[in-house]
$ cat query31.txt   # compact mmCIF, C-alpha atoms and all ligand atoms
# COMPACT_ATOMS: atom_id res chain seq x y z
CA MET A 1 86.76 125.91 108.96
CA THR A 2 90.10 126.66 107.36
CA SER A 3 92.48 129.54 107.66
CA SER A 4 95.99 130.05 106.37
CA ALA A 5 97.37 129.84 109.90
CA GLN A 6 95.68 126.55 110.68
CA PRO A 7 98.12 123.61 110.70
CA VAL A 8 97.38 120.83 108.20
CA PHE A 9 98.63 117.27 108.78
CA ARG A 10 98.25 114.25 106.56
CA PHE A 11 98.71 110.49 106.69
CA ALA A 12 99.53 109.19 103.21
CA PRO A 13 99.63 105.38 102.99
CA SER A 14 99.96 103.33 99.81
CA PRO A 15 97.31 100.62 99.43
CA ASN A 16 99.77 97.87 98.54
CA GLY A 17 99.32 95.79 101.66
CA LEU A 18 97.72 95.80 105.11
CA LEU A 19 98.74 98.53 107.55
CA HIS A 20 101.07 97.51 110.37
CA LEU A 21 101.94 99.01 113.76
CA GLY A 22 104.39 101.45 112.14
CA HIS A 23 101.53 102.90 110.09
CA ALA A 24 99.38 103.07 113.22
CA LEU A 25 102.14 105.13 114.87
CA SER A 26 102.33 107.51 111.90
CA ALA A 27 98.57 107.89 111.60
CA ILE A 28 98.03 108.38 115.36
CA LEU A 29 100.88 110.92 115.63
CA ASN A 30 99.47 112.94 112.71
CA HIS A 31 95.97 112.77 114.13
CA ASP A 32 97.01 113.69 117.68
CA MET A 33 99.35 116.50 116.60
CA ALA A 34 96.55 117.96 114.46
CA GLN A 35 94.17 117.75 117.40
CA ALA A 36 96.66 119.30 119.82
CA SER A 37 97.18 122.29 117.50
CA ALA A 38 93.54 122.73 116.45
CA GLY A 39 94.71 121.66 113.01
CA ARG A 40 93.23 119.57 110.22
CA PHE A 41 93.95 115.88 109.66
CA LEU A 42 93.83 114.58 106.07
CA LEU A 43 94.14 111.08 104.69
CA ARG A 44 95.65 110.66 101.22
CA ILE A 45 95.76 107.42 99.27
CA GLU A 46 99.07 107.15 97.40
CA ASP A 47 98.16 104.68 94.69
CA ILE A 48 100.25 105.91 91.75
CA ASP A 49 101.88 102.52 91.30
CA GLN A 50 98.89 100.62 89.97
CA THR A 51 100.95 97.47 89.53
CA ARG A 52 101.10 97.11 93.33
CA CYS A 53 98.00 98.87 94.70
CA ARG A 54 94.67 97.07 95.19
CA PRO A 55 91.16 98.35 96.09
CA GLU A 56 90.82 95.83 98.94
CA PHE A 57 93.90 97.30 100.62
CA GLU A 58 92.42 100.78 100.27
CA ALA A 59 89.21 99.57 101.92
CA ALA A 60 91.29 97.97 104.69
CA ILE A 61 93.07 101.31 105.32
CA PHE A 62 89.76 103.08 105.96
CA ASP A 63 88.56 100.22 108.11
CA ASP A 64 91.71 99.93 110.24
CA LEU A 65 92.04 103.69 110.80
CA ALA A 66 88.37 103.98 111.79
CA TRP A 67 88.83 101.06 114.20
CA LEU A 68 91.79 102.93 115.74
CA GLY A 69 89.32 105.73 116.47
CA LEU A 70 90.78 108.26 114.02
CA GLU A 71 88.66 110.76 112.13
CA TRP A 72 89.81 112.42 108.93
CA GLU A 73 88.38 114.91 106.48
CA ARG A 74 86.44 113.79 103.44
CA PRO A 75 86.66 113.51 100.51
CA VAL A 76 89.89 111.58 100.67
CA ARG A 77 92.35 112.44 97.91
CA ARG A 78 93.36 109.48 95.77
CA GLN A 79 96.44 110.13 93.67
CA SER A 80 95.37 107.97 90.73
CA ASP A 81 92.49 110.44 90.19
CA HIS A 82 94.93 113.30 89.54
CA LEU A 83 97.48 112.01 87.04
CA ALA A 84 97.08 115.05 84.74
CA LEU A 85 98.26 117.29 87.54
CA TYR A 86 101.50 115.36 88.09
CA ALA A 87 102.01 115.27 84.31
CA SER A 88 101.82 119.06 84.18
CA ALA A 89 104.38 119.40 87.00
CA LEU A 90 106.62 117.02 85.07
CA LYS A 91 106.17 119.10 81.94
CA ARG A 92 107.25 122.21 83.80
CA LEU A 93 110.47 120.48 84.85
CA ASP A 94 110.94 119.27 81.28
CA ASP A 95 110.41 122.78 79.94
CA MET A 96 113.23 123.88 82.24
CA GLY A 97 115.48 121.33 80.50
CA LEU A 98 115.83 119.23 83.65
CA VAL A 99 114.31 115.94 82.46
CA TYR A 100 115.72 113.19 80.24
CA PRO A 101 114.49 109.76 79.11
CA SER A 102 116.56 106.81 80.34
CA ILE A 103 116.34 103.22 79.19
CA LEU A 104 118.72 101.16 81.32
CA SER A 105 116.84 98.43 83.18
CA ARG A 106 117.73 97.51 86.76
CA GLY A 107 119.83 94.61 85.47
CA GLU A 108 121.68 96.85 83.03
CA ILE A 109 122.40 99.39 85.76
CA LYS A 110 123.79 96.59 87.93
CA ALA A 111 126.00 95.37 85.09
CA ALA A 112 127.30 98.89 84.37
CA VAL A 113 128.09 99.37 88.07
CA ALA A 114 129.78 95.96 88.32
CA ASP A 115 131.90 96.85 85.27
CA ALA A 116 133.00 100.13 86.78
CA GLU A 117 133.70 98.55 90.17
CA ALA A 118 135.75 95.79 88.53
CA GLY A 119 138.05 98.62 87.46
CA GLY A 120 138.62 99.40 91.14
CA ASP A 121 136.32 102.41 91.52
CA ASP A 122 133.54 102.46 94.12
CA TRP A 123 130.28 103.41 92.45
CA PRO A 124 128.30 106.06 94.36
CA ARG A 125 125.15 104.81 96.13
CA ASP A 126 122.07 106.70 97.23
CA PRO A 127 121.03 106.95 100.92
CA ASP A 128 118.99 103.74 100.49
CA GLY A 129 122.06 101.91 99.17
CA ALA A 130 121.03 101.71 95.49
CA PRO A 131 123.67 102.61 92.89
CA LEU A 132 123.20 106.05 91.31
CA TYR A 133 121.96 105.99 87.73
CA PRO A 134 124.87 106.07 85.25
CA GLY A 135 123.06 108.74 83.22
CA ARG A 136 124.53 107.83 79.85
CA GLU A 137 121.52 109.28 78.03
CA ARG A 138 121.72 112.60 79.89
CA ASP A 139 123.54 114.48 77.18
CA LEU A 140 122.01 112.89 74.09
CA GLY A 141 120.84 115.41 71.52
CA PHE A 142 117.21 115.73 70.51
CA GLU A 143 117.48 113.36 67.51
CA ALA A 144 119.37 110.65 69.36
CA ARG A 145 116.83 110.80 72.20
CA ASN A 146 113.92 110.45 69.81
CA ALA A 147 115.59 107.56 68.02
CA MET A 148 116.18 105.85 71.36
CA ILE A 149 112.55 106.19 72.44
CA ALA A 150 111.27 105.21 68.99
CA GLY A 151 113.10 101.89 69.50
CA GLY A 152 110.16 100.99 71.76
CA LYS A 153 112.17 100.00 74.83
CA PRO A 154 110.31 101.12 78.00
CA HIS A 155 111.88 104.25 79.38
CA ALA A 156 111.73 106.28 82.55
CA LEU A 157 111.93 110.06 82.78
CA ARG A 158 114.64 111.19 85.17
CA LEU A 159 115.65 114.46 86.76
CA ASP A 160 119.04 115.72 85.64
CA MET A 161 120.15 116.16 89.24
CA LYS A 162 123.35 118.13 88.68
CA LYS A 163 121.57 120.65 86.49
CA ALA A 164 118.59 120.84 88.87
CA VAL A 165 120.80 121.44 91.93
CA LEU A 166 122.75 124.13 90.09
CA SER A 167 119.60 125.83 88.86
CA VAL A 168 118.27 126.46 92.39
CA GLY A 169 121.57 126.99 94.20
CA ALA A 170 120.61 123.85 96.15
CA PRO A 171 123.57 123.78 98.54
CA HIS A 172 121.58 126.39 100.42
CA LEU A 173 118.29 124.47 100.53
CA THR A 174 117.25 123.53 104.04
CA TRP A 175 114.26 122.24 105.95
CA GLN A 176 113.03 122.47 109.48
CA GLU A 177 113.07 119.11 111.24
CA THR A 178 111.09 118.86 114.47
CA GLY A 179 111.55 115.09 114.76
CA SER A 180 114.90 113.51 114.00
CA GLY A 181 116.84 111.71 111.29
CA PRO A 182 118.65 108.36 111.52
CA ALA A 183 121.72 109.98 113.10
CA GLY A 184 119.70 112.19 115.44
CA GLU A 185 119.68 115.17 113.04
CA THR A 186 117.19 117.83 114.12
CA GLY A 187 116.58 121.57 113.73
CA ILE A 188 117.58 123.22 110.45
CA ILE A 189 118.81 120.53 108.06
CA THR A 190 120.74 121.15 104.84
CA ALA A 191 119.20 119.20 101.96
CA ASP A 192 121.51 116.98 99.91
CA ALA A 193 119.42 116.01 96.89
CA ALA A 194 122.55 115.26 94.83
CA ALA A 195 123.11 112.19 97.00
CA TRP A 196 120.19 110.57 95.15
CA GLY A 197 121.50 111.06 91.62
CA ASP A 198 119.08 111.29 88.71
CA VAL A 199 115.85 110.24 90.44
CA ILE A 200 112.94 108.83 88.44
CA LEU A 201 110.02 111.21 87.85
CA SER A 202 107.86 108.83 85.84
CA ARG A 203 108.02 105.31 84.42
CA SER A 204 106.17 103.62 81.61
CA ASP A 205 104.10 101.64 84.18
CA ALA A 206 103.74 104.45 86.78
CA PRO A 207 103.01 107.89 85.32
CA SER A 208 104.39 109.84 88.27
CA SER A 209 106.97 109.00 90.90
CA TYR A 210 106.39 109.08 94.63
CA HIS A 211 108.69 112.12 94.93
CA LEU A 212 106.85 114.18 92.35
CA SER A 213 103.29 113.39 93.41
CA VAL A 214 103.99 113.82 97.11
CA VAL A 215 105.31 117.39 96.73
CA VAL A 216 102.55 118.38 94.31
CA ASP A 217 99.86 117.03 96.65
CA ASP A 218 101.33 118.40 99.87
CA ALA A 219 101.33 121.86 98.28
CA LEU A 220 97.89 121.52 96.73
CA GLN A 221 96.35 120.30 99.98
CA GLY A 222 98.05 123.07 101.97
CA VAL A 223 99.93 120.58 104.15
CA THR A 224 101.98 122.52 106.70
CA HIS A 225 103.39 119.57 108.69
CA VAL A 226 104.69 116.33 107.19
CA VAL A 227 104.88 113.69 109.92
CA ARG A 228 106.20 110.34 108.68
CA GLY A 229 108.65 107.53 109.38
CA ARG A 230 112.39 108.08 109.51
CA ASP A 231 112.83 105.85 106.45
CA LEU A 232 111.75 108.90 104.41
CA TYR A 233 114.10 111.34 106.14
CA HIS A 234 116.68 111.42 103.32
CA ALA A 235 113.96 111.60 100.64
CA THR A 236 113.11 115.02 102.09
CA SER A 237 116.18 116.40 100.29
CA VAL A 238 114.60 115.49 96.94
CA HIS A 239 111.27 116.89 98.06
CA ARG A 240 112.83 120.22 99.02
CA LEU A 241 114.56 120.42 95.64
CA LEU A 242 111.35 119.69 93.72
CA GLN A 243 109.45 122.24 95.84
CA GLN A 244 112.04 124.85 95.00
CA LEU A 245 112.01 124.02 91.28
CA LEU A 246 108.21 124.11 91.12
CA GLY A 247 107.78 127.17 93.34
CA LEU A 248 105.88 125.24 96.04
CA PRO A 249 105.78 126.15 99.74
CA GLN A 250 107.80 124.08 102.20
CA PRO A 251 106.14 122.30 105.10
CA VAL A 252 107.80 121.59 108.44
CA TYR A 253 109.03 117.98 108.61
CA HIS A 254 108.82 115.62 111.55
CA HIS A 255 110.34 112.17 111.08
CA HIS A 256 109.46 109.69 113.77
CA ARG A 257 111.13 106.49 114.91
CA LEU A 258 110.57 103.24 113.06
CA LEU A 259 109.11 100.25 114.85
CA LEU A 260 111.16 97.11 114.55
CA GLY A 261 109.96 93.52 114.45
CA ALA A 262 111.18 90.72 116.72
CA ASP A 263 113.95 90.12 114.15
CA GLY A 264 115.20 93.69 114.66
CA ARG A 265 114.16 94.69 111.15
CA LYS A 266 111.79 97.44 110.05
CA LEU A 267 108.17 96.21 109.98
CA SER A 268 106.89 95.29 106.55
CA LYS A 269 103.43 94.93 105.08
CA SER A 270 104.10 91.28 104.34
CA ASN A 271 104.58 90.42 108.01
CA ARG A 272 101.06 89.54 109.12
CA ASP A 273 101.82 89.30 112.86
CA THR A 274 102.33 93.02 113.25
CA GLY A 275 99.35 94.02 111.10
CA ILE A 276 96.74 96.21 112.80
CA ARG A 277 94.20 93.67 111.63
CA ALA A 278 95.99 90.80 113.35
CA PHE A 279 95.91 92.64 116.68
CA ARG A 280 92.25 93.40 116.21
CA GLU A 281 91.44 89.79 115.40
CA ALA A 282 93.39 88.69 118.46
CA GLY A 283 91.00 90.75 120.61
CA ARG A 284 93.34 93.68 121.33
CA THR A 285 91.76 97.14 121.60
CA PRO A 286 92.75 100.48 120.04
CA ALA A 287 93.88 101.53 123.54
CA ASP A 288 96.21 98.49 123.61
CA ILE A 289 97.70 99.62 120.29
CA ARG A 290 98.30 103.12 121.60
CA ALA A 291 99.89 101.74 124.77
CA LEU A 292 102.14 99.53 122.66
CA ILE A 293 103.50 102.17 120.31
CA LEU A 294 103.29 105.61 121.90
N1 LIG B 1 103.08 106.77 100.63
C1 LIG B 1 104.29 106.69 101.41
C2 LIG B 1 104.36 105.35 102.09
O1 LIG B 1 103.36 104.67 102.22
C3 LIG B 1 104.38 107.77 102.48
C4 LIG B 1 104.53 109.11 101.90
C5 LIG B 1 104.84 110.23 102.86
O2 LIG B 1 104.39 110.20 104.02
O3 LIG B 1 105.47 111.17 102.43
O4 LIG B 1 105.43 104.97 102.51
$ encode --input "query31.txt" --output "structure tokens" --more "lines below"
Ligand code: GLU
Amino acid sequence: MTSSAQPVFRFAPSPNGLLHLGHALSAILNHDMAQASAGRFLLRIEDIDQTRCRPEFEAAIFDDLAWLGLEWERPVRRQSDHLALYASALKRLDDMGLVYPSILSRGEIKAAVADAEAGGDDWPRDPDGAPLYPGRERDLGFEARNAMIAGGKPHALRLDMKKAVLSVGAPHLTWQETGSGPAGETGIITADAAAWGDVILSRSDAPSSYHLSVVVDDALQGVTHVVRGRDLYHATSVHRLLQQLLGLPQPVYHHHRLLLGADGRKLSKSNRDTGIRAFREAGRTPADIRALIL
């Protein structure tokens, strides 16, 4: 049964490794919040980056979540089955004149930044600490752009952030945060998409970016509540901007705490000790997992 007032939650893992306790926290919170509000709980497989995703990790996601005792609606949406949809969202942004092809590799960006910093200027960094894209190709004319792409060098399509922010009056974009950000931010939050610079919307080896596909899917699936780890708190600014540009509804956001490993660092999929599977193999029960993380 669905109705427009019914809350919709989703857990959206990428099958690029085994799920760890942090994922268990996210999945259980989504599931329990859906249950507490007579809402729906969806599972979405975010496998756009086919260079890193593997079918055995997808199978492990289903297996681990079922072992945790969670139930989700079927069919499960798999992003790689819907590439045409993300391409059409990208085309809409392009038609608005907000997209440009960029060819600098990571190494070239680093070199450009090092050059500029050698001159004494601090290069701006995004909330994750990566240098903003220099954007040299941003203002190339049509012919120069085509010539650049015809050269055959792999290119990424980027959002012209300044233009995009201006076009929606983005200083006034906000979201409702019912969890909290890294500095305890909660309530009505002002989005700062510009802090990310010209984000990637698609690459030659990944036809849609995380940012683009996540907002398209959340809207298409009618997601009303996005519950996820605090590491994605700042990305919400980009998501709000893309929603505004594409005329998509805005969900409520709830960012939850991150679980840290014994070394004090965020858990990672490569650390086998904190994998859900490892706990299961060590004879721990789903109730033990809940007691450990909730
Ligand atoms: N697929 C993302 C991840 O595994 C999560 C996306 C989201 O919850 O918005 O980190």
$ closest_residue --input "query31.txt" --among "A:His23, A:Arg145, A:Lys162, A:His155" --to "ligand LIG 1 (chain B)" --atoms "only C-alpha atoms and all ligand atoms"
A:His23
$ closest_atom_pairs --input "query31.txt" --of "chain A" --to "ligand LIG 1 (chain B)" --cutoff "10 Å" --atoms "all atoms listed in the file" --output "tab-separated table"
residue	atom	partner	partner_atom	distance
A:Arg10	CA	B:LIG1	O2	7.8
A:Phe11	CA	B:LIG1	O2	6.3
A:Ala12	CA	B:LIG1	N1	5.0
A:Pro13	CA	B:LIG1	O1	3.9
A:Ser14	CA	B:LIG1	O1	4.4
A:Pro15	CA	B:LIG1	O1	7.8
A:Asn16	CA	B:LIG1	O1	8.5
A:Gly17	CA	B:LIG1	O1	9.8
A:Leu19	CA	B:LIG1	O1	9.4
A:His23	CA	B:LIG1	O1	8.3
A:Ser26	CA	B:LIG1	O2	8.6
A:Ala27	CA	B:LIG1	O2	9.8
A:Arg44	CA	B:LIG1	N1	8.4
A:Ile45	CA	B:LIG1	N1	7.5
A:Glu46	CA	B:LIG1	N1	5.2
A:Asp47	CA	B:LIG1	N1	8.0
A:Ile48	CA	B:LIG1	N1	9.4
A:Tyr210	CA	B:LIG1	N1	7.2
A:His211	CA	B:LIG1	O3	8.2
A:Ser213	CA	B:LIG1	O3	9.5
A:Val214	CA	B:LIG1	O3	6.1
A:Val215	CA	B:LIG1	O3	8.4
A:Asp217	CA	B:LIG1	O3	10.0
A:Asp218	CA	B:LIG1	O3	8.7
A:Val226	CA	B:LIG1	O2	6.9
A:Val227	CA	B:LIG1	O2	6.9
A:Arg228	CA	B:LIG1	O2	5.0
A:Gly229	CA	B:LIG1	O2	7.3
A:Arg230	CA	B:LIG1	O2	9.9
A:Asp231	CA	B:LIG1	O4	8.4
A:Leu232	CA	B:LIG1	O3	7.0
A:Tyr233	CA	B:LIG1	O3	9.4
A:Ala235	CA	B:LIG1	O3	8.7
A:Thr236	CA	B:LIG1	O3	8.6
A:His239	CA	B:LIG1	O3	9.2
A:Tyr253	CA	B:LIG1	O3	9.9
A:His255	CA	B:LIG1	O2	9.4
$ residues_near_point --input "query31.txt" --point "(96.5, 94.6, 113.1)" --cutoff "10 Å" --atoms "all atoms listed in the file" --output "PyMOL selection string"
chain A and resi 18-21+24+64+68+272-282+284+286+289
$ closest_residue --input "query31.txt" --among "A:Val76, A:Leu159, A:Ala112, A:Val216" --to "Asp95 (chain A)" --atoms "only C-alpha atoms"
A:Leu159
$ atom_distance --input "query31.txt" --atom1 "CA of Ile149 (chain A)" --atom2 "CA of Ala206 (chain A)"
16.9 Å
$ atom_distance --input "query31.txt" --atom1 "CA of Glu177 (chain A)" --atom2 "CA of His254 (chain A)"
5.5 Å
$ closest_residue --input "query31.txt" --among "A:Leu245, A:Ile200, A:Ile188, A:Leu258" --to "Leu104 (chain A)" --atoms "all atoms listed in the file"
A:Ile200
$ atom_distance --input "query31.txt" --atom1 "CA of Pro251 (chain A)" --atom2 "CA of Val223 (chain A)"
6.5 Å
$ closest_residue --input "query31.txt" --among "A:Ala193, A:Ala150, A:Leu29, A:Ala5" --to "Pro127 (chain A)" --atoms "all atoms listed in the file"
A:Ala193
$ build_atoms --input "query31.txt" --residues "region 182-199 of chain A" --atoms "N, CA and C atoms" --output "PDB file, in the frame of the given file"
ATOM      1  N   PRO A 182     118.030 109.599 111.047  1.00  0.00           N
ATOM      2  CA  PRO A 182     118.650 108.360 111.520  1.00  0.00           C
ATOM      3  C   PRO A 182     119.857 108.592 112.427  1.00  0.00           C
ATOM      4  N   ALA A 183     120.554 109.714 112.245  1.00  0.00           N
ATOM      5  CA  ALA A 183     121.720 109.980 113.100  1.00  0.00           C
ATOM      6  C   ALA A 183     121.388 111.064 114.127  1.00  0.00           C
ATOM      7  N   GLY A 184     120.105 111.217 114.420  1.00  0.00           N
ATOM      8  CA  GLY A 184     119.700 112.190 115.440  1.00  0.00           C
ATOM      9  C   GLY A 184     119.617 113.621 114.922  1.00  0.00           C
ATOM     10  N   GLU A 185     119.718 113.816 113.602  1.00  0.00           N
ATOM     11  CA  GLU A 185     119.680 115.170 113.040  1.00  0.00           C
ATOM     12  C   GLU A 185     118.356 115.851 113.380  1.00  0.00           C
ATOM     13  N   THR A 186     118.424 117.083 113.819  1.00  0.00           N
ATOM     14  CA  THR A 186     117.190 117.830 114.120  1.00  0.00           C
ATOM     15  C   THR A 186     117.462 119.318 113.969  1.00  0.00           C
ATOM     16  N   GLY A 187     116.397 120.126 113.912  1.00  0.00           N
ATOM     17  CA  GLY A 187     116.580 121.570 113.730  1.00  0.00           C
ATOM     18  C   GLY A 187     116.604 121.921 112.260  1.00  0.00           C
ATOM     19  N   ILE A 188     117.497 122.833 111.865  1.00  0.00           N
ATOM     20  CA  ILE A 188     117.580 123.220 110.450  1.00  0.00           C
ATOM     21  C   ILE A 188     118.539 122.268 109.748  1.00  0.00           C
ATOM     22  N   ILE A 189     118.033 121.568 108.754  1.00  0.00           N
ATOM     23  CA  ILE A 189     118.810 120.530 108.060  1.00  0.00           C
ATOM     24  C   ILE A 189     119.138 121.017 106.647  1.00  0.00           C
ATOM     25  N   THR A 190     120.358 120.806 106.220  1.00  0.00           N
ATOM     26  CA  THR A 190     120.740 121.150 104.840  1.00  0.00           C
ATOM     27  C   THR A 190     120.390 119.976 103.930  1.00  0.00           C
ATOM     28  N   ALA A 191     119.607 120.261 102.889  1.00  0.00           N
ATOM     29  CA  ALA A 191     119.200 119.200 101.960  1.00  0.00           C
ATOM     30  C   ALA A 191     120.386 118.786 101.089  1.00  0.00           C
ATOM     31  N   ASP A 192     120.451 117.483 100.791  1.00  0.00           N
ATOM     32  CA  ASP A 192     121.510 116.980  99.910  1.00  0.00           C
ATOM     33  C   ASP A 192     120.856 116.102  98.838  1.00  0.00           C
ATOM     34  N   ALA A 193     120.143 116.761  97.924  1.00  0.00           N
ATOM     35  CA  ALA A 193     119.420 116.010  96.890  1.00  0.00           C
ATOM     36  C   ALA A 193     120.387 115.289  95.965  1.00  0.00           C
ATOM     37  N   ALA A 194     121.584 115.863  95.761  1.00  0.00           N
ATOM     38  CA  ALA A 194     122.550 115.260  94.830  1.00  0.00           C
ATOM     39  C   ALA A 194     122.908 113.842  95.236  1.00  0.00           C
ATOM     40  N   ALA A 195     122.772 113.532  96.524  1.00  0.00           N
ATOM     41  CA  ALA A 195     123.110 112.190  97.000  1.00  0.00           C
ATOM     42  C   ALA A 195     122.238 111.118  96.348  1.00  0.00           C
ATOM     43  N   TRP A 196     121.119 111.529  95.770  1.00  0.00           N
ATOM     44  CA  TRP A 196     120.190 110.570  95.150  1.00  0.00           C
ATOM     45  C   TRP A 196     120.443 110.367  93.657  1.00  0.00           C
ATOM     46  N   GLY A 197     121.293 111.191  93.064  1.00  0.00           N
ATOM     47  CA  GLY A 197     121.500 111.060  91.620  1.00  0.00           C
ATOM     48  C   GLY A 197     120.248 111.418  90.841  1.00  0.00           C
ATOM     49  N   ASP A 198     120.182 110.916  89.613  1.00  0.00           N
ATOM     50  CA  ASP A 198     119.080 111.290  88.710  1.00  0.00           C
ATOM     51  C   ASP A 198     117.814 110.495  89.042  1.00  0.00           C
ATOM     52  N   VAL A 199     117.037 110.979  89.991  1.00  0.00           N
ATOM     53  CA  VAL A 199     115.850 110.240  90.440  1.00  0.00           C
ATOM     54  C   VAL A 199     114.807 110.122  89.327  1.00  0.00           C
TER      55      VAL A 199
END
